[in-house]
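Listing of query-v9.csv; format and content: CSV, C-alpha atoms and all ligand atoms.
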```
chain,number,residue,atom,x,y,z
T,622,MET,CA,-0.3,-43.9,-57.9
T,623,VAL,CA,-2.0,-47.2,-57.4
T,624,SER,CA,-4.5,-48.2,-60.0
T,625,LYS,CA,-7.6,-50.2,-59.6
T,626,GLN,CA,-6.2,-52.7,-62.1
T,627,GLU,CA,-3.2,-53.3,-59.8
T,628,VAL,CA,-5.5,-53.9,-56.9
T,629,LEU,CA,-7.6,-56.3,-58.9
T,630,ALA,CA,-4.5,-58.1,-60.1
T,631,ALA,CA,-3.4,-58.6,-56.4
T,632,LEU,CA,-6.9,-59.8,-55.5
T,633,ALA,CA,-6.8,-62.4,-58.3
T,634,GLN,CA,-4.2,-64.2,-56.2
T,635,VAL,CA,-6.7,-64.5,-53.4
T,636,LYS,CA,-8.9,-67.5,-53.6
T,637,SER,CA,-12.6,-67.9,-52.5
T,638,PRO,CA,-13.4,-70.9,-50.2
T,639,ASP,CA,-14.1,-73.0,-53.4
T,640,GLY,CA,-10.9,-72.0,-55.0
T,641,ALA,CA,-12.0,-69.3,-57.5
T,642,PRO,CA,-9.9,-66.1,-57.9
T,643,LEU,CA,-11.7,-63.5,-55.8
T,644,PRO,CA,-12.5,-61.0,-58.6
T,645,GLN,CA,-14.3,-63.8,-60.5
T,646,THR,CA,-16.7,-64.7,-57.7
T,647,GLY,CA,-19.1,-61.9,-58.4
T,648,LYS,CA,-19.0,-61.1,-54.7
T,649,LEU,CA,-16.8,-58.0,-54.9
T,650,SER,CA,-18.2,-54.5,-54.8
T,651,ASP,CA,-16.6,-51.8,-56.9
T,652,VAL,CA,-13.1,-51.2,-55.7
T,653,VAL,CA,-12.4,-47.7,-54.6
T,654,VAL,CA,-8.8,-46.5,-54.9
T,655,SER,CA,-8.0,-43.1,-53.8
T,656,ASP,CA,-4.7,-41.5,-52.8
T,657,GLY,CA,-3.2,-44.9,-51.9
T,658,LYS,CA,-6.2,-45.9,-49.9
T,659,VAL,CA,-8.3,-48.9,-51.0
T,660,PHE,CA,-11.8,-49.8,-50.0
T,661,PHE,CA,-14.2,-52.5,-51.2
T,662,SER,CA,-16.6,-55.0,-49.8
T,663,ILE,CA,-17.2,-58.7,-50.2
T,664,THR,CA,-20.9,-59.7,-50.0
T,665,VAL,CA,-21.8,-63.3,-49.3
T,666,ASP,CA,-24.7,-65.3,-48.0
T,667,ALA,CA,-24.9,-64.7,-44.3
T,668,ALA,CA,-24.5,-68.4,-43.5
T,669,LEU,CA,-21.1,-68.4,-45.3
T,670,VAL,CA,-19.6,-65.4,-43.5
T,671,PRO,CA,-17.3,-67.5,-41.2
T,672,GLN,CA,-15.9,-69.3,-44.2
T,673,TRP,CA,-15.2,-66.1,-45.9
T,674,GLU,CA,-13.6,-64.2,-43.0
T,675,PRO,CA,-10.1,-65.7,-43.9
T,676,VAL,CA,-10.7,-64.6,-47.5
T,677,ARG,CA,-11.4,-61.1,-46.3
T,678,LYS,CA,-8.2,-61.1,-44.2
T,679,ALA,CA,-6.2,-62.4,-47.1
T,680,ALA,CA,-7.7,-59.9,-49.5
T,681,GLU,CA,-6.8,-57.1,-47.1
T,682,ALA,CA,-3.2,-58.4,-46.8
T,683,ALA,CA,-2.9,-58.8,-50.5
T,684,VAL,CA,-4.0,-55.2,-51.2
T,685,ARG,CA,-1.7,-53.8,-48.4
T,686,ALA,CA,1.2,-55.5,-50.1
T,687,VAL,CA,0.7,-53.7,-53.4
T,688,PRO,CA,3.4,-51.0,-53.6
T,689,GLY,CA,1.9,-47.6,-53.0
T,690,VAL,CA,-1.1,-48.8,-51.0
T,691,THR,CA,-1.1,-46.9,-47.7
T,692,SER,CA,-4.2,-48.5,-46.3
T,693,ALA,CA,-6.9,-51.1,-47.1
T,694,MET,CA,-10.2,-51.7,-45.7
T,695,VAL,CA,-12.2,-54.7,-46.8
T,696,ALA,CA,-15.7,-55.2,-45.5
T,697,LEU,CA,-17.3,-58.6,-45.3
T,698,THR,CA,-21.0,-58.4,-45.5
T,699,GLY,CA,-23.5,-61.2,-44.9
T,700,GLU,CA,-26.7,-61.1,-46.9
T,701,ARG,CA,-29.6,-63.3,-46.0
T,702,ALA,CA,-31.5,-64.9,-48.8
T,703,ALA,CA,-34.8,-63.1,-49.7
T,704,GLY,CA,-37.7,-64.3,-47.6
T,705,ALA,CA,-35.6,-65.3,-44.6
T,706,ALA,CA,-36.7,-64.2,-41.2
T,707,ARG,CA,-35.3,-60.9,-40.1
T,708,ALA,CA,-35.0,-59.3,-36.7
T,709,ALA,CA,-37.5,-56.7,-35.5
T,710,PRO,CA,-38.4,-54.1,-36.6
T,711,PRO,CA,-40.2,-54.8,-39.8
T,712,PRO,CA,-39.0,-53.6,-43.2
T,713,ARG,CA,-39.6,-49.9,-43.8
T,714,SER,CA,-40.5,-50.1,-47.4
T,715,ALA,CA,-43.8,-48.2,-46.7
T,716,GLN,CA,-41.7,-45.3,-45.5
T,717,GLY,CA,-39.6,-45.0,-48.6
T,718,GLY,CA,-36.3,-46.2,-47.2
T,719,HIS,CA,-33.5,-46.1,-49.8
T,720,ALA,CA,-30.8,-48.6,-49.4
T,721,GLN,CA,-31.7,-52.0,-48.2
T,722,ALA,CA,-30.6,-52.6,-44.7
T,723,PRO,CA,-28.6,-55.7,-43.9
T,724,ARG,CA,-30.8,-58.2,-42.5
T,725,GLY,CA,-30.9,-60.7,-39.7
T,726,GLU,CA,-27.5,-60.0,-38.3
T,727,ARG,CA,-26.9,-60.3,-34.6
T,728,PRO,CA,-26.4,-57.1,-32.8
T,729,VAL,CA,-22.8,-56.0,-33.0
T,730,GLN,CA,-21.1,-56.2,-29.7
T,731,GLY,CA,-19.8,-53.0,-28.3
T,732,PRO,CA,-16.1,-52.7,-27.6
T,733,PRO,CA,-15.3,-54.4,-24.3
T,734,GLY,CA,-14.0,-51.4,-22.3
T,735,VAL,CA,-16.7,-49.0,-23.4
T,736,GLY,CA,-19.3,-48.1,-20.8
T,737,ALA,CA,-22.1,-46.4,-22.7
T,738,ILE,CA,-22.6,-45.8,-26.4
T,739,VAL,CA,-24.7,-42.8,-27.1
T,740,ALA,CA,-25.9,-41.9,-30.6
T,741,VAL,CA,-26.3,-38.2,-31.6
T,742,ALA,CA,-28.9,-38.2,-34.3
T,743,SER,CA,-31.2,-36.0,-36.2
T,744,GLY,CA,-34.1,-36.5,-38.6
T,745,LYS,CA,-32.5,-34.4,-41.3
T,746,GLY,CA,-29.1,-33.1,-42.4
T,747,GLY,CA,-27.4,-29.9,-41.6
T,748,VAL,CA,-29.0,-29.2,-38.2
T,749,GLY,CA,-25.6,-29.1,-36.5
T,750,LYS,CA,-25.5,-32.7,-35.4
T,751,SER,CA,-21.7,-33.2,-35.8
T,752,THR,CA,-20.9,-29.8,-34.2
T,753,THR,CA,-23.2,-30.8,-31.3
T,754,ALA,CA,-21.7,-34.3,-31.0
T,755,ILE,CA,-18.2,-33.0,-30.8
T,756,ASN,CA,-19.0,-30.3,-28.3
T,757,LEU,CA,-21.1,-32.6,-26.3
T,758,ALA,CA,-18.2,-35.1,-26.2
T,759,LEU,CA,-15.9,-32.4,-25.0
T,760,GLY,CA,-18.5,-31.3,-22.4
T,761,LEU,CA,-18.6,-34.9,-21.1
T,762,ARG,CA,-14.9,-34.9,-21.0
T,763,ASP,CA,-15.1,-31.7,-18.9
T,764,VAL,CA,-17.5,-33.3,-16.4
T,765,GLY,CA,-14.8,-36.0,-15.8
T,766,LEU,CA,-15.6,-38.8,-18.2
T,767,LYS,CA,-13.3,-40.6,-20.6
T,768,VAL,CA,-14.9,-40.1,-23.9
T,769,GLY,CA,-14.6,-41.5,-27.4
T,770,VAL,CA,-16.1,-40.3,-30.6
T,771,LEU,CA,-17.2,-42.7,-33.4
T,772,ASP,CA,-18.0,-41.0,-36.7
T,773,ALA,CA,-20.7,-43.1,-38.1
T,774,ASP,CA,-21.4,-40.8,-40.9
T,775,ILE,CA,-19.9,-43.0,-43.5
T,776,TYR,CA,-21.1,-41.0,-46.5
T,777,GLY,CA,-19.9,-37.6,-45.2
T,778,PRO,CA,-17.5,-38.0,-42.3
T,779,SER,CA,-16.8,-34.7,-40.7
T,780,VAL,CA,-15.2,-35.6,-37.4
T,781,PRO,CA,-11.6,-35.4,-38.7
T,782,LYS,CA,-12.2,-31.9,-39.8
T,783,LEU,CA,-14.1,-30.8,-36.7
T,784,LEU,CA,-11.3,-32.0,-34.5
T,785,ALA,CA,-8.5,-31.0,-37.0
T,786,ILE,CA,-7.1,-34.5,-36.9
T,787,ARG,CA,-5.0,-35.6,-39.8
T,788,GLY,CA,-3.1,-38.7,-40.6
T,789,ARG,CA,-4.0,-42.3,-40.5
T,790,PRO,CA,-4.6,-44.6,-37.6
T,791,GLU,CA,-1.7,-47.0,-36.9
T,792,THR,CA,-2.1,-50.6,-37.4
T,793,LEU,CA,-1.5,-52.7,-34.3
T,794,GLY,CA,-0.9,-56.0,-35.9
T,795,GLY,CA,-3.6,-58.1,-37.5
T,796,ASN,CA,-6.5,-55.9,-38.4
T,797,ARG,CA,-6.6,-53.9,-35.3
T,798,LEU,CA,-6.3,-50.1,-35.5
T,799,ARG,CA,-5.2,-47.6,-32.9
T,800,PRO,CA,-7.8,-44.8,-32.8
T,801,MET,CA,-6.7,-41.2,-33.3
T,802,THR,CA,-6.9,-38.6,-30.5
T,803,GLY,CA,-7.8,-35.0,-30.4
T,804,TYR,CA,-8.6,-32.6,-27.5
T,805,GLY,CA,-8.5,-35.6,-25.1
T,806,LEU,CA,-11.0,-37.6,-27.1
T,807,THR,CA,-10.4,-41.0,-28.6
T,808,VAL,CA,-11.6,-40.8,-32.2
T,809,MET,CA,-12.4,-43.0,-35.1
T,810,SER,CA,-13.8,-42.0,-38.5
T,811,ILE,CA,-14.0,-43.6,-41.9
T,812,GLY,CA,-12.5,-40.2,-42.9
T,813,PHE,CA,-9.1,-41.4,-41.6
T,814,LEU,CA,-9.2,-44.4,-43.9
T,815,VAL,CA,-10.7,-43.0,-47.1
T,816,ALA,CA,-9.7,-39.8,-48.8
T,817,GLU,CA,-12.2,-36.9,-48.5
T,818,GLU,CA,-12.8,-36.8,-52.2
T,819,THR,CA,-13.5,-40.5,-52.6
T,820,PRO,CA,-17.0,-41.0,-54.1
T,821,MET,CA,-19.1,-42.6,-51.5
T,822,ILE,CA,-20.7,-45.3,-53.6
T,823,TRP,CA,-21.2,-47.6,-50.7
T,824,ARG,CA,-24.2,-49.8,-50.6
T,825,GLY,CA,-26.2,-50.1,-47.4
T,826,PRO,CA,-24.7,-53.4,-46.2
T,827,MET,CA,-21.2,-52.0,-46.7
T,828,VAL,CA,-22.0,-49.2,-44.3
T,829,MET,CA,-22.9,-51.6,-41.6
T,830,SER,CA,-19.8,-53.6,-42.2
T,831,ALA,CA,-17.6,-50.5,-42.0
T,832,LEU,CA,-19.3,-49.5,-38.7
T,833,THR,CA,-18.8,-53.0,-37.3
T,834,GLN,CA,-15.1,-52.8,-38.1
T,835,MET,CA,-14.8,-49.4,-36.5
T,836,LEU,CA,-16.5,-50.7,-33.4
T,837,ARG,CA,-14.7,-54.0,-33.1
T,838,GLU,CA,-11.4,-53.7,-34.8
T,839,VAL,CA,-10.3,-50.5,-33.1
T,840,GLU,CA,-8.5,-50.5,-29.8
T,841,TRP,CA,-10.9,-48.2,-28.0
T,842,GLY,CA,-9.4,-48.9,-24.6
T,843,THR,CA,-11.4,-48.0,-21.6
T,844,LEU,CA,-14.1,-45.3,-22.1
T,845,ASP,CA,-17.0,-44.1,-20.0
T,846,VAL,CA,-18.9,-42.9,-23.0
T,847,MET,CA,-18.7,-43.3,-26.7
T,848,ILE,CA,-20.5,-40.6,-28.7
T,849,VAL,CA,-21.6,-41.7,-32.1
T,850,ASP,CA,-22.1,-39.0,-34.7
T,851,MET,CA,-24.9,-40.6,-36.8
T,852,PRO,CA,-25.5,-40.1,-40.5
T,853,PRO,CA,-28.4,-37.7,-41.0
T,854,GLY,CA,-31.9,-39.0,-41.5
T,855,THR,CA,-34.0,-42.0,-40.5
T,856,GLY,CA,-33.4,-44.2,-43.4
T,857,ASP,CA,-32.4,-47.8,-43.3
T,858,ALA,CA,-28.7,-47.1,-42.6
T,859,GLN,CA,-29.7,-45.2,-39.4
T,860,LEU,CA,-32.3,-47.8,-38.5
T,861,THR,CA,-29.8,-50.6,-38.9
T,862,MET,CA,-27.3,-48.7,-36.8
T,863,ALA,CA,-29.8,-48.1,-34.1
T,864,GLN,CA,-30.8,-51.7,-34.2
T,865,GLN,CA,-27.5,-53.3,-34.3
T,866,VAL,CA,-25.1,-51.2,-32.2
T,867,PRO,CA,-25.7,-51.7,-28.4
T,868,LEU,CA,-26.7,-48.1,-27.8
T,869,ALA,CA,-27.3,-47.0,-24.2
T,870,GLY,CA,-29.3,-44.0,-25.5
T,871,ALA,CA,-29.8,-41.5,-28.2
T,872,VAL,CA,-29.7,-37.7,-28.2
T,873,ILE,CA,-31.7,-36.0,-31.0
T,874,VAL,CA,-30.5,-32.7,-32.3
T,875,SER,CA,-33.1,-30.4,-33.9
T,876,THR,CA,-33.4,-26.8,-35.1
T,877,PRO,CA,-36.5,-24.9,-34.0
T,878,GLN,CA,-38.2,-24.8,-37.3
T,879,ASP,CA,-41.3,-26.9,-37.6
T,880,LEU,CA,-40.1,-29.0,-40.5
T,881,ALA,CA,-37.0,-30.0,-38.6
T,882,LEU,CA,-39.2,-30.9,-35.7
T,883,ILE,CA,-41.2,-33.2,-37.8
T,884,ASP,CA,-37.9,-34.8,-38.7
T,885,ALA,CA,-36.9,-34.8,-35.1
T,886,ARG,CA,-40.1,-36.7,-34.2
T,887,ARG,CA,-39.2,-39.3,-36.8
T,888,GLY,CA,-35.8,-39.7,-35.1
T,889,VAL,CA,-37.4,-40.1,-31.7
T,890,GLU,CA,-39.8,-42.7,-33.1
T,891,MET,CA,-37.1,-44.6,-34.8
T,892,PHE,CA,-35.1,-45.1,-31.6
T,893,LYS,CA,-38.3,-45.9,-29.6
T,894,ARG,CA,-39.1,-48.6,-32.1
T,895,VAL,CA,-35.8,-50.3,-31.6
T,896,ASN,CA,-36.0,-49.9,-27.8
T,897,VAL,CA,-33.1,-47.4,-27.5
T,898,PRO,CA,-33.9,-44.9,-24.8
T,899,VAL,CA,-34.0,-41.3,-26.1
T,900,LEU,CA,-32.0,-39.4,-23.5
T,901,GLY,CA,-33.4,-36.1,-24.8
T,902,ILE,CA,-33.6,-33.4,-27.5
T,903,ILE,CA,-31.1,-30.6,-28.0
T,904,GLU,CA,-32.4,-27.5,-29.7
T,905,ASN,CA,-29.5,-26.2,-31.9
T,906,MET,CA,-29.3,-22.8,-33.5
T,907,SER,CA,-32.0,-22.1,-31.0
T,908,TYR,CA,-31.7,-18.3,-30.8
T,909,PHE,CA,-29.4,-15.6,-32.1
T,910,VAL,CA,-27.5,-13.3,-29.9
T,911,CYS,CA,-26.7,-10.1,-31.7
T,912,PRO,CA,-22.9,-9.6,-31.6
T,913,LYS,CA,-23.4,-5.8,-31.6
T,914,CYS,CA,-26.1,-5.2,-29.1
T,915,GLY,CA,-26.0,-8.5,-27.2
T,916,GLU,CA,-29.8,-8.8,-27.6
T,917,ARG,CA,-31.3,-12.2,-28.1
T,918,HIS,CA,-33.4,-12.8,-31.2
T,919,ASP,CA,-35.6,-15.8,-31.5
T,920,ILE,CA,-35.3,-15.9,-35.3
T,921,PHE,CA,-36.7,-19.3,-35.8
T,922,GLY,CA,-39.6,-19.2,-33.4
T,923,HIS,CA,-37.7,-20.4,-30.5
T,924,GLY,CA,-39.0,-23.0,-28.0
T,925,GLY,CA,-40.5,-25.4,-30.5
T,926,ALA,CA,-38.1,-28.2,-29.5
T,927,HIS,CA,-38.8,-27.8,-25.9
T,928,LYS,CA,-42.6,-28.1,-26.4
T,929,GLU,CA,-42.1,-30.9,-28.8
T,930,ALA,CA,-40.0,-32.8,-26.3
T,931,GLU,CA,-42.7,-32.5,-23.8
T,932,LYS,CA,-45.3,-33.8,-26.2
T,933,LEU,CA,-43.1,-36.7,-27.1
T,934,GLY,CA,-42.4,-37.4,-23.5
T,935,VAL,CA,-38.7,-37.2,-23.8
T,936,PRO,CA,-36.4,-34.9,-21.8
T,937,PHE,CA,-35.3,-31.5,-23.2
T,938,LEU,CA,-31.6,-31.3,-22.8
T,939,GLY,CA,-31.0,-27.6,-23.6
T,940,GLU,CA,-30.7,-24.9,-26.2
T,941,VAL,CA,-27.5,-24.0,-28.1
T,942,PRO,CA,-27.6,-20.5,-29.7
T,943,LEU,CA,-26.9,-19.8,-33.3
T,944,HIS,CA,-23.5,-18.1,-33.0
T,945,MET,CA,-20.7,-17.2,-35.4
T,946,ALA,CA,-18.2,-18.4,-32.8
T,947,ILE,CA,-19.7,-21.9,-32.8
T,948,ARG,CA,-19.6,-22.1,-36.5
T,949,GLU,CA,-16.2,-20.7,-37.0
T,950,THR,CA,-14.5,-22.8,-34.3
T,951,SER,CA,-16.4,-25.9,-35.5
T,952,ASP,CA,-15.4,-25.4,-39.1
T,953,ALA,CA,-11.8,-24.6,-38.2
T,954,GLY,CA,-11.4,-27.8,-36.2
T,955,ARG,CA,-11.2,-25.8,-32.9
T,956,PRO,CA,-14.4,-26.8,-31.1
T,957,VAL,CA,-15.6,-24.0,-28.8
T,958,VAL,CA,-15.8,-26.2,-25.7
T,959,ALA,CA,-12.1,-26.9,-26.0
T,960,THR,CA,-10.8,-23.6,-27.3
T,961,ASP,CA,-13.0,-21.2,-25.2
T,962,PRO,CA,-13.7,-23.3,-22.1
T,963,ASP,CA,-14.7,-20.3,-20.0
T,964,GLY,CA,-17.0,-18.8,-22.6
T,965,PRO,CA,-20.8,-18.9,-22.6
T,966,HIS,CA,-21.1,-21.6,-25.3
T,967,ALA,CA,-18.8,-24.0,-23.5
T,968,LYS,CA,-21.0,-23.5,-20.5
T,969,VAL,CA,-24.1,-24.4,-22.5
T,970,TYR,CA,-22.6,-27.5,-23.8
T,971,ARG,CA,-21.3,-28.6,-20.4
T,972,GLU,CA,-24.7,-28.2,-18.9
T,973,ILE,CA,-26.2,-30.3,-21.6
T,974,ALA,CA,-23.3,-32.9,-21.1
T,975,GLY,CA,-24.2,-32.9,-17.4
T,976,ARG,CA,-27.8,-33.8,-18.2
T,977,VAL,CA,-26.7,-36.5,-20.6
T,978,ARG,CA,-24.4,-38.0,-18.0
T,979,ASP,CA,-27.3,-37.9,-15.4
T,980,ALA,CA,-29.7,-39.5,-17.9
T,981,LEU,CA,-27.2,-42.3,-18.4
T,982,GLN,CA,-26.6,-42.7,-14.7
T,983,SER,CA,-30.4,-42.9,-14.1
T,984,LYS,CA,-30.5,-45.6,-16.8
T,985,GLY,CA,-27.6,-47.4,-15.1
T,986,ALA,CA,-25.7,-47.4,-18.3
T,987,GLY,CA,-22.3,-49.0,-18.0
T,988,SER,CA,-19.4,-47.1,-16.5
T,989,ALA,CA,-20.9,-43.8,-17.4
T,990,ALA,CA,-22.6,-44.3,-14.1
T,991,PRO,CA,-19.5,-44.3,-11.9
T,992,LYS,CA,-20.2,-44.9,-8.3
T,993,ILE,CA,-18.6,-42.1,-6.4
T,994,VAL,CA,-16.6,-43.5,-3.5
T,995,ILE,CA,-15.4,-41.1,-0.9
T,996,GLU,CA,-12.5,-42.6,0.9
T,997,ALA,CA,-12.3,-41.8,4.5
I,1001,LIG,N1,-25.1,-23.5,-32.9
I,1001,LIG,C1,-24.5,-23.2,-34.1
I,1001,LIG,N2,-24.2,-21.9,-34.4
I,1001,LIG,C2,-23.7,-21.5,-35.6
I,1001,LIG,N3,-23.4,-22.4,-36.5
I,1001,LIG,C3,-23.6,-23.7,-36.3
I,1001,LIG,C4,-24.2,-24.2,-35.1
I,1001,LIG,N4,-24.3,-25.5,-35.1
I,1001,LIG,C5,-23.8,-25.9,-36.3
I,1001,LIG,N5,-23.4,-24.8,-37.0
I,1001,LIG,C6,-22.8,-24.8,-38.4
I,1001,LIG,O1,-23.8,-25.4,-39.2
I,1001,LIG,C7,-23.1,-26.2,-40.3
I,1001,LIG,C8,-23.7,-27.6,-40.2
I,1001,LIG,O2,-23.3,-28.2,-39.0
I,1001,LIG,P1,-22.9,-29.7,-38.8
I,1001,LIG,O3,-22.0,-30.1,-39.9
I,1001,LIG,O4,-22.5,-29.9,-37.4
I,1001,LIG,O5,-24.4,-30.3,-39.1
I,1001,LIG,P2,-24.8,-31.8,-39.3
I,1001,LIG,O6,-26.2,-32.0,-38.9
I,1001,LIG,O7,-23.8,-32.8,-38.7
I,1001,LIG,O8,-24.7,-31.9,-40.9
I,1001,LIG,P3,-24.8,-33.2,-41.8
I,1001,LIG,O9,-26.2,-33.6,-41.9
I,1001,LIG,O10,-24.2,-32.8,-43.1
I,1001,LIG,O11,-23.9,-34.3,-41.1
I,1001,LIG,C9,-21.6,-26.1,-40.0
I,1001,LIG,O12,-21.1,-25.1,-40.8
I,1001,LIG,C10,-21.6,-25.7,-38.5
I,1001,LIG,O13,-20.4,-25.0,-38.2
I,1002,MG,MG,-22.6,-34.3,-39.7
```
As structure tokens:
Amino acid sequence: MVSKQEVLAALAQVKSPDGAPLPQTGKLSDVVVSDGKVFFSITVDAALVPQWEPVRKAAEAAVRAVPGVTSAMVALTGERAAGAARAAPPPRSAQGGHAQAPRGERPVQGPPGVGAIVAVASGKGGVGKSTTAINLALGLRDVGLKVGVLDADIYGPSVPKLLAIRGRPETLGGNRLRPMTGYGLTVMSIGFLVAEETPMIWRGPMVMSALTQMLREVEWGTLDVMIVDMPPGTGDAQLTMAQQVPLAGAVIVSTPQDLALIDARRGVEMFKRVNVPVLGIIENMSYFVCPKCGERHDIFGHGGAHKEAEKLGVPFLGEVPLHMAIRETSDAGRPVVATDPDGPHAKVYREIAGRVRDALQSKGAGSAAPKIVIEA
């Protein structure tokens, strides 16, 4: 087992730009060591980031060289001095945001071969966002697109489990990683790099840095669409993500209950504020089909999301029933669209995927808008 002390000892050999041993610079976050995987961040003044990038690389290399370390991920974060100008939108202190969002950074560029990046978000947790994201991704695959999934839920990555993908991404030389694959999807999640039981003590800026790395340092290849499973809520981490990742659009997942809808509204507003088009709302756990009698029960007061979408002026993308088969397949890493492609649920997700594709096409987003050429 690798200890934190061993990692810190290795890091003491790495020097800051002014020659100080890295652990003594006060720039290191807590070092998380779990199951041979190491993660920490270096936070420096935004203006000094270029100078520190070689230090980050050296730190990563030093940690990887420690016997027993199977992977290392070092995030370099630029913090702007207080009072410095920050990009729109304004701080959300009035709305009780938690972690402080990284400020003033340029939007992160999307991977070069990726057509459209689509966030799947919700105002609150547990509404079935990840389940929807995965099945939507598979639906998009089924309508003929090449699809990637980026698990942006740094605090609670669930994509590895939902797709039953185990193992670690291969390093391709330098810092680049080969994404994982499952059910024909190209996939990256922090869950592949950090053990499940690792305490997620990450600070806001680290989150962004990890996302940046997963976007830029992963060989995504050519994709029509990248589905991003967002962390739940509309706090600063989500806002930053919405602001800094070049999103072609966002899909909001909501349950029919009123409370969730209030949250959904917040989600819609967040994306509107950062000028990300909301492609529509999906109502999840919309109705319940009795497995015995086959009768449909609108247990949550069905239809709320549809009406709410109209009120908000965003498209309604469809309703997914509350069904044991969706839950069981999802939790077992055998998503229903892939494992029961001819069943009713797969059909629902494919229809939604078709609408998402059409919405992207009408927005002219990247290669998700393939021109269909009929050769004579
Ligand atoms: N339509 C559905 N029918 C039945 N169960 C569902 C449905 N959608 C999601 N679930 C189940 O609900 C639970 C929560 O779903 P999921 O993890 O996708 O939610 P989430 O919004 O991503 O949660 P978090 O906020 O924690 O990221 C899971 O057990 C999942 O299998
Ligand atoms: Mg989730």
Give me the residues near Met847 of chain T as a list in words, where near means some atom within 6 Å (using only C-alpha atoms) and where sequence neighbours in that chain fewer than 4 positions away do not count. Ile738, Val768, Gly769 and Val770 of chain T
Enclosing box along x, y and z for every listed atom of ligand LIG 1001 (chain I), padded 6 Å each side, centre and size in Å, one decimal, as lines of an AutoDock Vina configuration file:
```
center_x = -23.3
center_y = -27.9
center_z = -38.0
size_x = 17.8
size_y = 24.8
size_z = 22.2
```
Counting all atoms listed in the file, which protein, DNA or RNA residues come within 12 Å of ligand MG 1002 (chain I), given as a tab-separated table (two decimals) with C-alpha atoms, in the frame of the given file?
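For reference, selection.tsv as written:
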```tsv
chain	number	residue	atom	x	y	z
T	741	VAL	CA	-26.30	-38.20	-31.60
T	742	ALA	CA	-28.90	-38.20	-34.30
T	743	SER	CA	-31.20	-36.00	-36.20
T	744	GLY	CA	-34.10	-36.50	-38.60
T	745	LYS	CA	-32.50	-34.40	-41.30
T	746	GLY	CA	-29.10	-33.10	-42.40
T	747	GLY	CA	-27.40	-29.90	-41.60
T	748	VAL	CA	-29.00	-29.20	-38.20
T	749	GLY	CA	-25.60	-29.10	-36.50
T	750	LYS	CA	-25.50	-32.70	-35.40
T	751	SER	CA	-21.70	-33.20	-35.80
T	752	THR	CA	-20.90	-29.80	-34.20
T	753	THR	CA	-23.20	-30.80	-31.30
T	754	ALA	CA	-21.70	-34.30	-31.00
T	755	ILE	CA	-18.20	-33.00	-30.80
T	771	LEU	CA	-17.20	-42.70	-33.40
T	772	ASP	CA	-18.00	-41.00	-36.70
T	773	ALA	CA	-20.70	-43.10	-38.10
T	774	ASP	CA	-21.40	-40.80	-40.90
T	775	ILE	CA	-19.90	-43.00	-43.50
T	776	TYR	CA	-21.10	-41.00	-46.50
T	777	GLY	CA	-19.90	-37.60	-45.20
T	778	PRO	CA	-17.50	-38.00	-42.30
T	779	SER	CA	-16.80	-34.70	-40.70
T	780	VAL	CA	-15.20	-35.60	-37.40
T	781	PRO	CA	-11.60	-35.40	-38.70
T	782	LYS	CA	-12.20	-31.90	-39.80
T	783	LEU	CA	-14.10	-30.80	-36.70
T	810	SER	CA	-13.80	-42.00	-38.50
T	849	VAL	CA	-21.60	-41.70	-32.10
T	850	ASP	CA	-22.10	-39.00	-34.70
T	851	MET	CA	-24.90	-40.60	-36.80
T	852	PRO	CA	-25.50	-40.10	-40.50
T	853	PRO	CA	-28.40	-37.70	-41.00
T	854	GLY	CA	-31.90	-39.00	-41.50
T	874	VAL	CA	-30.50	-32.70	-32.30
T	951	SER	CA	-16.40	-25.90	-35.50
T	952	ASP	CA	-15.40	-25.40	-39.10
```
**Message:** At a cut-off of 10 Å, using all atoms listed in the file, what residues contact segment 923-934 of chain T? Leave out same-chain residues fewer than 5 positions from it and give the result as a list of chain:residue names.
**Reply:**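 Counting only the stated atoms, we get T:Val874, T:Ser875, T:Thr876, T:Pro877, T:Gln878, T:Asp879, T:Ala881, T:Leu882, T:Ile883, T:Ala885, T:Arg886, T:Val889, T:Glu890, T:Val899, T:Gly901, T:Ile902, T:Ile903, T:Glu904, T:Asn905, T:Met906, T:Ser907, T:Tyr908, T:Phe909, T:His918, T:Gly939, T:Glu940.
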Which residues, protein or nucleic acid, reach to within 6 Å of (-20.6, -34.2, -17.5) in the file's coordinates when using all atoms listed in the file, and can you give that as a ChimeraX atom specification? /T:761,764,974-975,978
